[in-house]
file input07.txt (compact mmCIF, C-alpha atoms and all ligand atoms)
# COMPACT_ATOMS: atom_id res chain seq x y z
CA MET A 1 108.92 143.21 156.64
CA PHE A 2 109.44 141.66 160.10
CA ASN A 3 108.22 143.92 162.89
CA ILE A 4 108.86 143.41 166.57
CA VAL A 5 107.54 145.60 169.38
CA VAL A 6 109.74 145.62 172.49
CA PHE A 7 107.32 146.41 175.28
CA GLY A 8 107.77 147.09 178.99
CA ALA A 9 107.93 149.64 181.77
CA PRO A 10 110.63 152.31 181.93
CA GLY A 11 113.78 150.53 183.10
CA SER A 12 112.63 147.08 181.96
CA GLY A 13 115.55 146.76 179.54
CA LYS A 14 113.87 147.69 176.22
CA GLY A 15 116.89 149.62 174.96
CA THR A 16 119.40 146.95 176.03
CA GLN A 17 117.48 144.07 174.51
CA SER A 18 116.72 146.10 171.36
CA GLU A 19 120.48 146.49 170.83
CA ARG A 20 120.86 142.72 170.95
CA LEU A 21 117.97 142.28 168.53
CA ILE A 22 119.53 144.71 166.07
CA LYS A 23 122.79 142.70 166.12
CA GLU A 24 121.00 139.37 165.77
CA TYR A 25 118.46 140.26 163.08
CA GLY A 26 120.00 143.32 161.43
CA ILE A 27 116.70 145.19 161.30
CA HIS A 28 116.03 148.87 161.69
CA HIS A 29 115.44 150.21 165.21
CA ILE A 30 113.10 153.06 166.16
CA SER A 31 113.27 154.26 169.77
CA THR A 32 110.76 157.07 170.13
CA GLY A 33 112.46 158.17 173.38
CA GLU A 34 115.76 158.54 171.51
CA VAL A 35 114.10 160.42 168.65
CA LEU A 36 112.63 162.87 171.17
CA ARG A 37 115.88 163.24 173.16
CA ASP A 38 117.69 164.00 169.91
CA HIS A 39 115.21 166.82 169.19
CA ILE A 40 115.70 168.16 172.72
CA LYS A 41 119.49 168.09 172.29
CA ARG A 42 119.21 170.01 168.99
CA ASP A 43 116.70 172.39 170.61
CA THR A 44 114.21 172.06 167.74
CA PRO A 45 110.60 173.31 168.13
CA LEU A 46 109.50 169.69 168.60
CA GLY A 47 112.25 169.19 171.17
CA ARG A 48 110.95 172.13 173.19
CA ILE A 49 107.41 170.72 173.20
CA ALA A 50 108.64 167.20 174.02
CA ASN A 51 110.77 168.43 176.91
CA GLU A 52 107.66 169.84 178.63
CA TYR A 53 106.14 166.36 178.79
CA ILE A 54 109.27 164.23 179.28
CA SER A 55 110.58 166.27 182.19
CA LYS A 56 107.29 165.70 184.05
CA GLY A 57 107.15 161.99 183.21
CA HIS A 58 104.05 162.46 181.02
CA LEU A 59 103.42 160.97 177.61
CA ILE A 60 103.67 163.08 174.46
CA PRO A 61 100.08 163.44 173.07
CA ASP A 62 99.06 160.58 170.77
CA ASP A 63 98.40 162.62 167.61
CA LEU A 64 101.85 164.22 167.75
CA MET A 65 103.58 160.95 168.64
CA ILE A 66 101.84 159.03 165.83
CA LYS A 67 102.92 161.69 163.33
CA ILE A 68 106.53 161.46 164.54
CA LEU A 69 106.44 157.68 164.18
CA ALA A 70 104.95 157.85 160.67
CA ASP A 71 107.72 160.30 159.67
CA GLU A 72 110.35 157.90 161.05
CA LEU A 73 108.93 155.06 158.95
CA ASP A 74 108.78 157.21 155.82
CA SER A 75 112.22 158.76 156.13
CA ASN A 76 114.17 155.53 156.70
CA PRO A 77 114.25 153.26 153.62
CA GLU A 78 115.70 150.52 155.86
CA ALA A 79 112.39 150.43 157.74
CA ALA A 80 110.75 148.75 154.72
CA LYS A 81 112.55 145.50 155.68
CA GLY A 82 111.32 145.55 159.24
CA VAL A 83 111.51 147.51 162.45
CA ILE A 84 112.21 146.96 166.13
CA PHE A 85 109.78 149.35 167.80
CA ASP A 86 111.20 150.39 171.17
CA GLY A 87 108.97 152.60 173.34
CA PHE A 88 106.11 152.73 170.82
CA PRO A 89 103.22 152.05 171.11
CA ARG A 90 102.51 153.26 174.66
CA THR A 91 98.73 153.69 174.43
CA ILE A 92 95.87 151.77 172.80
CA ALA A 93 95.41 154.66 170.31
CA GLN A 94 99.08 154.34 169.31
CA ALA A 95 98.76 150.55 168.92
CA GLU A 96 95.72 150.99 166.67
CA ALA A 97 97.57 153.63 164.64
CA LEU A 98 100.58 151.32 164.29
CA ASN A 99 98.37 148.54 162.97
CA GLU A 100 96.96 150.95 160.38
CA LEU A 101 100.39 152.34 159.39
CA LEU A 102 101.73 148.81 158.87
CA GLU A 103 98.61 147.59 157.06
CA LYS A 104 99.08 150.41 154.56
CA ARG A 105 102.56 148.97 153.97
CA ASN A 106 101.09 145.45 153.55
CA SER A 107 102.58 144.39 156.84
CA LYS A 108 101.76 143.95 160.52
CA VAL A 109 103.20 143.61 164.01
CA HIS A 110 104.60 140.07 164.08
CA ALA A 111 105.49 139.83 167.77
CA VAL A 112 105.39 141.83 170.97
CA ILE A 113 108.14 141.01 173.44
CA GLY A 114 106.96 142.09 176.91
CA LEU A 115 109.78 142.54 179.42
CA GLU A 116 108.22 141.94 182.84
CA VAL A 117 110.00 143.43 185.87
CA GLU A 118 108.70 144.34 189.36
CA ASP A 119 108.32 148.05 190.19
CA ASP A 120 110.91 148.04 193.03
CA GLU A 121 113.56 146.73 190.68
CA LEU A 122 112.55 149.25 188.00
CA VAL A 123 113.01 152.15 190.43
CA ASP A 124 116.45 150.86 191.52
CA ARG A 125 117.57 150.44 187.91
CA LEU A 126 116.34 153.90 186.84
CA ILE A 127 117.95 155.68 189.80
CA LYS A 128 121.22 153.92 188.98
CA ARG A 129 120.93 154.84 185.29
CA GLY A 130 120.29 158.45 186.25
CA GLN A 131 123.46 158.51 188.35
CA GLU A 132 125.50 156.86 185.60
CA THR A 133 124.22 158.73 182.55
CA GLY A 134 122.76 161.96 183.92
CA ARG A 135 119.51 161.32 182.03
CA ALA A 136 117.26 164.13 183.22
CA ASP A 137 114.01 162.14 183.61
CA ASP A 138 115.72 159.45 185.74
CA ASN A 139 115.05 161.23 189.06
CA LEU A 140 112.77 159.79 191.75
CA GLU A 141 109.81 162.13 191.25
CA THR A 142 109.71 161.74 187.47
CA ILE A 143 110.34 157.98 187.74
CA GLN A 144 107.30 157.62 190.00
CA ASN A 145 105.15 159.54 187.51
CA ARG A 146 106.45 157.45 184.61
CA LEU A 147 105.54 154.24 186.45
CA LYS A 148 102.05 155.56 187.23
CA VAL A 149 101.56 156.44 183.56
CA TYR A 150 102.91 153.02 182.57
CA HIS A 151 100.42 151.16 184.77
CA SER A 152 97.41 153.26 183.75
CA GLN A 153 98.04 153.84 180.03
CA THR A 154 100.65 151.44 178.71
CA LYS A 155 100.25 148.16 180.61
CA PRO A 156 96.69 147.62 179.22
CA LEU A 157 98.36 147.16 175.84
CA SER A 158 99.53 143.71 176.94
CA ASP A 159 95.87 142.61 176.87
CA PHE A 160 95.38 144.31 173.51
CA TYR A 161 98.23 142.24 172.05
CA LYS A 162 97.26 139.07 173.95
CA LYS A 163 93.89 139.27 172.18
CA GLU A 164 95.75 139.49 168.88
CA GLY A 165 97.80 136.43 169.92
CA LYS A 166 101.06 138.37 169.65
CA TYR A 167 102.16 138.96 173.23
CA HIS A 168 105.20 137.07 174.52
CA GLY A 169 105.85 137.80 178.19
CA ILE A 170 109.48 137.36 179.25
CA ASN A 171 110.87 137.58 182.79
CA GLY A 172 112.99 140.72 182.49
CA SER A 173 114.97 140.29 185.74
CA GLY A 174 118.27 138.51 185.66
CA ALA A 175 121.24 138.31 183.34
CA ILE A 176 120.99 140.25 180.06
CA ASP A 177 122.28 137.27 178.03
CA GLU A 178 119.78 134.87 179.54
CA ILE A 179 116.89 137.24 178.91
CA PHE A 180 118.01 137.68 175.32
CA GLU A 181 118.22 133.91 174.84
CA GLN A 182 114.57 133.61 175.90
CA ILE A 183 113.63 136.35 173.43
CA ARG A 184 115.58 134.64 170.64
CA GLN A 185 113.79 131.35 171.26
CA ARG A 186 110.39 133.03 171.17
CA ILE A 187 111.19 134.86 167.95
CA ALA A 188 112.51 131.68 166.34
CA GLY A 189 109.02 130.19 166.68
CA ILE A 190 107.22 133.07 164.97
CA GLU A 191 106.02 132.80 161.40
CA ARG A 192 107.24 135.68 159.21
P1 LIG B 201 111.86 156.20 176.76
O1 LIG B 201 113.24 156.53 176.33
O2 LIG B 201 111.19 155.20 175.85
O3 LIG B 201 111.76 155.79 178.21
O4 LIG B 201 110.98 157.53 176.62
C1 LIG B 201 111.28 158.69 177.39
C2 LIG B 201 110.08 159.62 177.43
O5 LIG B 201 109.74 160.02 176.09
C3 LIG B 201 108.80 159.01 177.98
O6 LIG B 201 108.75 159.08 179.40
C4 LIG B 201 107.74 159.88 177.32
O7 LIG B 201 107.64 161.15 177.97
C5 LIG B 201 108.33 160.13 175.94
N1 LIG B 201 107.90 159.08 174.97
C6 LIG B 201 108.68 158.17 174.37
N2 LIG B 201 107.96 157.37 173.58
C7 LIG B 201 106.68 157.79 173.68
C8 LIG B 201 105.43 157.36 173.13
N3 LIG B 201 105.36 156.30 172.30
N4 LIG B 201 104.31 158.05 173.47
C9 LIG B 201 104.36 159.11 174.30
N5 LIG B 201 105.48 159.56 174.87
C10 LIG B 201 106.64 158.91 174.57
call {"tool": "encode", "arguments": {"input": "input07.txt", "output": "structure tokens", "more": "lines below"}}
Ligand code: AMP
result
Amino acid sequence: MFNIVVFGAPGSGKGTQSERLIKEYGIHHISTGEVLRDHIKRDTPLGRIANEYISKGHLIPDDLMIKILADELDSNPEAAKGVIFDGFPRTIAQAEALNELLEKRNSKVHAVIGLEVEDDELVDRLIKRGQETGRADDNLETIQNRLKVYHSQTKPLSDFYKKEGKYHGINGSGAIDEIFEQIRQRIAGIER
């Protein structure tokens, strides 16, 4: 099992670079944001709960989110070979839960790829994405809340993973191909 966490603020390019990683390494991809948006689209009970949080730019509570993630791991046999985690973990509690979930499967997080982008650029990218895709939480008010939440709850995770010796910070501004090349080089040096 080879597990990579793609980490960064909203708009840092996690989804884009995850797509490249899937192509390059052929491993299973779990985007918790996509899982939640799918529930919202299907108007499931979980989707209705998730929408309350997502529309305000808040995080889904940890216990619920950890359960959703565990279900994703259990219901996808492909996940046994490895996973690209995109948008999870977002809190220290989630990171600790992920370590436990993977330990139970005799595995671990091998690398955390941190896409580092300045806030001004993040806001520009998210506004543009909102205009292009109509994604409901890509409006200025929600974006500002999501960035606040990122800085207070998610960013501290970089220190958590630095302490574990797993954090690889990458400059996330610039050409998509060049960013991916940097990621590829970092991953090439990681023991599996
Ligand atoms: P994303 O597509 O990763 O930007 O996620 C969109 C929204 O889904 C976030 O702003 C959160 O409201 C929610 N979400 C996604 N992943 C998580 C997570 N790991 N923990 C809590 N909330 C999440």
call {"tool": "residues_near_ligand", "arguments": {"input": "input07.txt", "ligand": "ligand LIG 201 (chain B)", "cutoff": "7 Å", "atoms": "all atoms listed in the file", "output": "PyMOL selection string"}}
result
chain A and resi 10+31-34+36+53-54+57-62+65+86-90+146
call {"tool": "residues_around", "arguments": {"input": "input07.txt", "residues": "Asp159 (chain A)", "least_positions_apart": "4", "cutoff": "12 Å", "atoms": "all atoms listed in the file", "output": "mmCIF file with C-alpha atoms, in the coordinates of the input"}}
result
data_model
loop_
_atom_site.group_PDB
_atom_site.id
_atom_site.type_symbol
_atom_site.label_atom_id
_atom_site.label_comp_id
_atom_site.auth_asym_id
_atom_site.auth_seq_id
_atom_site.Cartn_x
_atom_site.Cartn_y
_atom_site.Cartn_z
ATOM 1 C CA THR A 91 98.730 153.690 174.430
ATOM 2 C CA ILE A 92 95.870 151.770 172.800
ATOM 3 C CA ALA A 95 98.760 150.550 168.920
ATOM 4 C CA VAL A 112 105.390 141.830 170.970
ATOM 5 C CA GLY A 114 106.960 142.090 176.910
ATOM 6 C CA GLN A 153 98.040 153.840 180.030
ATOM 7 C CA THR A 154 100.650 151.440 178.710
ATOM 8 C CA LYS A 155 100.250 148.160 180.610
ATOM 9 C CA LYS A 163 93.890 139.270 172.180
ATOM 10 C CA GLU A 164 95.750 139.490 168.880
ATOM 11 C CA GLY A 165 97.800 136.430 169.920
ATOM 12 C CA LYS A 166 101.060 138.370 169.650
ATOM 13 C CA TYR A 167 102.160 138.960 173.230
ATOM 14 C CA HIS A 168 105.200 137.070 174.520
ATOM 15 C CA GLY A 169 105.850 137.800 178.190
#
call {"tool": "closest_atom_pairs", "arguments": {"input": "input07.txt", "of": "region 35-153 of chain A", "to": "region 182-186 of chain A", "cutoff": "10 Å", "atoms": "only C-alpha atoms", "output": "CSV"}}
result
residue,atom,partner,partner_atom,distance
A:Ala111,CA,A:Arg186,CA,9.0
A:Ile113,CA,A:Ile183,CA,7.2
A:Gly114,CA,A:Ile183,CA,9.5
A:Leu115,CA,A:Ile183,CA,9.4
call {"tool": "closest_residue", "arguments": {"input": "input07.txt", "among": "A:Lys162, A:Glu121, A:Asp137, A:Tyr150", "to": "Gly13 (chain A)", "atoms": "all atoms listed in the file"}}
result
A:Glu121
call {"tool": "atom_distance", "arguments": {"input": "input07.txt", "atom1": "CA of Phe2 (chain A)", "atom2": "CA of Ala80 (chain A)"}}
result
9.0 Å
call {"tool": "build_atoms", "arguments": {"input": "input07.txt", "residues": "region 160-171 of chain A", "atoms": "all heavy atoms", "output": "PDB file, in the frame of the given file"}}
result
ATOM      1  N   PHE A 160      95.674 144.023 174.921  1.00  0.00           N
ATOM      2  CA  PHE A 160      95.380 144.310 173.510  1.00  0.00           C
ATOM      3  C   PHE A 160      96.135 143.313 172.605  1.00  0.00           C
ATOM      4  O   PHE A 160      95.562 142.703 171.707  1.00  0.00           O
ATOM      5  CB  PHE A 160      95.818 145.765 173.209  1.00  0.00           C
ATOM      6  CG  PHE A 160      95.658 146.212 171.782  1.00  0.00           C
ATOM      7  CD1 PHE A 160      94.518 146.878 171.371  1.00  0.00           C
ATOM      8  CD2 PHE A 160      96.668 146.003 170.845  1.00  0.00           C
ATOM      9  CE1 PHE A 160      94.373 147.319 170.060  1.00  0.00           C
ATOM     10  CE2 PHE A 160      96.536 146.438 169.533  1.00  0.00           C
ATOM     11  CZ  PHE A 160      95.378 147.098 169.147  1.00  0.00           C
ATOM     12  N   TYR A 161      97.435 143.134 172.903  1.00  0.00           N
ATOM     13  CA  TYR A 161      98.230 142.240 172.050  1.00  0.00           C
ATOM     14  C   TYR A 161      98.011 140.766 172.383  1.00  0.00           C
ATOM     15  O   TYR A 161      98.211 139.911 171.517  1.00  0.00           O
ATOM     16  CB  TYR A 161      99.719 142.615 172.142  1.00  0.00           C
ATOM     17  CG  TYR A 161     100.047 143.854 171.331  1.00  0.00           C
ATOM     18  CD1 TYR A 161     100.579 144.989 171.933  1.00  0.00           C
ATOM     19  CD2 TYR A 161      99.835 143.885 169.952  1.00  0.00           C
ATOM     20  CE1 TYR A 161     100.879 146.123 171.190  1.00  0.00           C
ATOM     21  CE2 TYR A 161     100.122 145.017 169.202  1.00  0.00           C
ATOM     22  CZ  TYR A 161     100.650 146.129 169.821  1.00  0.00           C
ATOM     23  OH  TYR A 161     100.947 147.247 169.078  1.00  0.00           O
ATOM     24  N   LYS A 162      97.601 140.468 173.632  1.00  0.00           N
ATOM     25  CA  LYS A 162      97.260 139.070 173.950  1.00  0.00           C
ATOM     26  C   LYS A 162      96.057 138.658 173.100  1.00  0.00           C
ATOM     27  O   LYS A 162      96.011 137.567 172.559  1.00  0.00           O
ATOM     28  CB  LYS A 162      96.926 138.914 175.442  1.00  0.00           C
ATOM     29  CG  LYS A 162      98.171 138.693 176.302  1.00  0.00           C
ATOM     30  CD  LYS A 162      97.839 138.640 177.786  1.00  0.00           C
ATOM     31  CE  LYS A 162      99.093 138.886 178.601  1.00  0.00           C
ATOM     32  NZ  LYS A 162      98.819 139.229 179.997  1.00  0.00           N
ATOM     33  N   LYS A 163      95.078 139.569 172.993  1.00  0.00           N
ATOM     34  CA  LYS A 163      93.890 139.270 172.180  1.00  0.00           C
ATOM     35  C   LYS A 163      94.261 139.007 170.733  1.00  0.00           C
ATOM     36  O   LYS A 163      93.631 138.227 170.043  1.00  0.00           O
ATOM     37  CB  LYS A 163      92.893 140.433 172.249  1.00  0.00           C
ATOM     38  CG  LYS A 163      92.008 140.359 173.467  1.00  0.00           C
ATOM     39  CD  LYS A 163      90.873 141.379 173.401  1.00  0.00           C
ATOM     40  CE  LYS A 163      90.390 141.697 174.801  1.00  0.00           C
ATOM     41  NZ  LYS A 163      90.283 143.127 175.076  1.00  0.00           N
ATOM     42  N   GLU A 164      95.305 139.704 170.264  1.00  0.00           N
ATOM     43  CA  GLU A 164      95.750 139.490 168.880  1.00  0.00           C
ATOM     44  C   GLU A 164      96.678 138.271 168.780  1.00  0.00           C
ATOM     45  O   GLU A 164      97.170 137.955 167.699  1.00  0.00           O
ATOM     46  CB  GLU A 164      96.491 140.742 168.358  1.00  0.00           C
ATOM     47  CG  GLU A 164      95.603 141.959 168.200  1.00  0.00           C
ATOM     48  CD  GLU A 164      96.241 143.072 167.363  1.00  0.00           C
ATOM     49  OE1 GLU A 164      97.470 143.035 167.136  1.00  0.00           O
ATOM     50  OE2 GLU A 164      95.493 143.967 166.942  1.00  0.00           O
ATOM     51  N   GLY A 165      96.945 137.628 169.915  1.00  0.00           N
ATOM     52  CA  GLY A 165      97.800 136.430 169.920  1.00  0.00           C
ATOM     53  C   GLY A 165      99.266 136.740 169.673  1.00  0.00           C
ATOM     54  O   GLY A 165     100.019 135.884 169.194  1.00  0.00           O
ATOM     55  N   LYS A 166      99.688 137.966 170.005  1.00  0.00           N
ATOM     56  CA  LYS A 166     101.060 138.370 169.650  1.00  0.00           C
ATOM     57  C   LYS A 166     101.962 138.601 170.842  1.00  0.00           C
ATOM     58  O   LYS A 166     103.153 138.857 170.676  1.00  0.00           O
ATOM     59  CB  LYS A 166     100.994 139.675 168.834  1.00  0.00           C
ATOM     60  CG  LYS A 166     100.373 139.473 167.481  1.00  0.00           C
ATOM     61  CD  LYS A 166     100.235 140.790 166.738  1.00  0.00           C
ATOM     62  CE  LYS A 166      99.589 140.530 165.394  1.00  0.00           C
ATOM     63  NZ  LYS A 166      99.167 141.790 164.763  1.00  0.00           N
ATOM     64  N   TYR A 167     101.391 138.557 172.041  1.00  0.00           N
ATOM     65  CA  TYR A 167     102.160 138.960 173.230  1.00  0.00           C
ATOM     66  C   TYR A 167     103.000 137.802 173.764  1.00  0.00           C
ATOM     67  O   TYR A 167     102.491 136.708 174.016  1.00  0.00           O
ATOM     68  CB  TYR A 167     101.217 139.456 174.321  1.00  0.00           C
ATOM     69  CG  TYR A 167     101.946 140.009 175.528  1.00  0.00           C
ATOM     70  CD1 TYR A 167     102.430 141.303 175.531  1.00  0.00           C
ATOM     71  CD2 TYR A 167     102.158 139.211 176.657  1.00  0.00           C
ATOM     72  CE1 TYR A 167     103.098 141.811 176.631  1.00  0.00           C
ATOM     73  CE2 TYR A 167     102.835 139.709 177.762  1.00  0.00           C
ATOM     74  CZ  TYR A 167     103.304 141.012 177.740  1.00  0.00           C
ATOM     75  OH  TYR A 167     103.976 141.504 178.824  1.00  0.00           O
ATOM     76  N   HIS A 168     104.300 138.064 173.936  1.00  0.00           N
ATOM     77  CA  HIS A 168     105.200 137.070 174.520  1.00  0.00           C
ATOM     78  C   HIS A 168     105.823 137.671 175.776  1.00  0.00           C
ATOM     79  O   HIS A 168     106.727 138.504 175.688  1.00  0.00           O
ATOM     80  CB  HIS A 168     106.314 136.697 173.521  1.00  0.00           C
ATOM     81  CG  HIS A 168     105.787 136.126 172.254  1.00  0.00           C
ATOM     82  ND1 HIS A 168     105.677 134.774 172.038  1.00  0.00           N
ATOM     83  CD2 HIS A 168     105.281 136.728 171.147  1.00  0.00           C
ATOM     84  CE1 HIS A 168     105.134 134.566 170.850  1.00  0.00           C
ATOM     85  NE2 HIS A 168     104.886 135.733 170.282  1.00  0.00           N
ATOM     86  N   GLY A 169     105.320 137.282 176.927  1.00  0.00           N
ATOM     87  CA  GLY A 169     105.850 137.800 178.190  1.00  0.00           C
ATOM     88  C   GLY A 169     107.148 137.100 178.537  1.00  0.00           C
ATOM     89  O   GLY A 169     107.256 135.878 178.426  1.00  0.00           O
ATOM     90  N   ILE A 170     108.151 137.891 178.918  1.00  0.00           N
ATOM     91  CA  ILE A 170     109.480 137.360 179.250  1.00  0.00           C
ATOM     92  C   ILE A 170     109.834 137.913 180.632  1.00  0.00           C
ATOM     93  O   ILE A 170     109.648 139.117 180.880  1.00  0.00           O
ATOM     94  CB  ILE A 170     110.532 137.885 178.227  1.00  0.00           C
ATOM     95  CG1 ILE A 170     110.164 137.510 176.793  1.00  0.00           C
ATOM     96  CG2 ILE A 170     111.944 137.486 178.605  1.00  0.00           C
ATOM     97  CD1 ILE A 170     110.643 136.184 176.317  1.00  0.00           C
ATOM     98  N   ASN A 171     110.396 137.071 181.500  1.00  0.00           N
ATOM     99  CA  ASN A 171     110.870 137.580 182.790  1.00  0.00           C
ATOM    100  C   ASN A 171     112.101 138.463 182.535  1.00  0.00           C
ATOM    101  O   ASN A 171     113.132 137.982 182.089  1.00  0.00           O
ATOM    102  CB  ASN A 171     111.199 136.387 183.701  1.00  0.00           C
ATOM    103  CG  ASN A 171     111.732 136.844 185.043  1.00  0.00           C
ATOM    104  OD1 ASN A 171     111.890 138.048 185.298  1.00  0.00           O
ATOM    105  ND2 ASN A 171     112.013 135.892 185.904  1.00  0.00           N
TER     106      ASN A 171
END
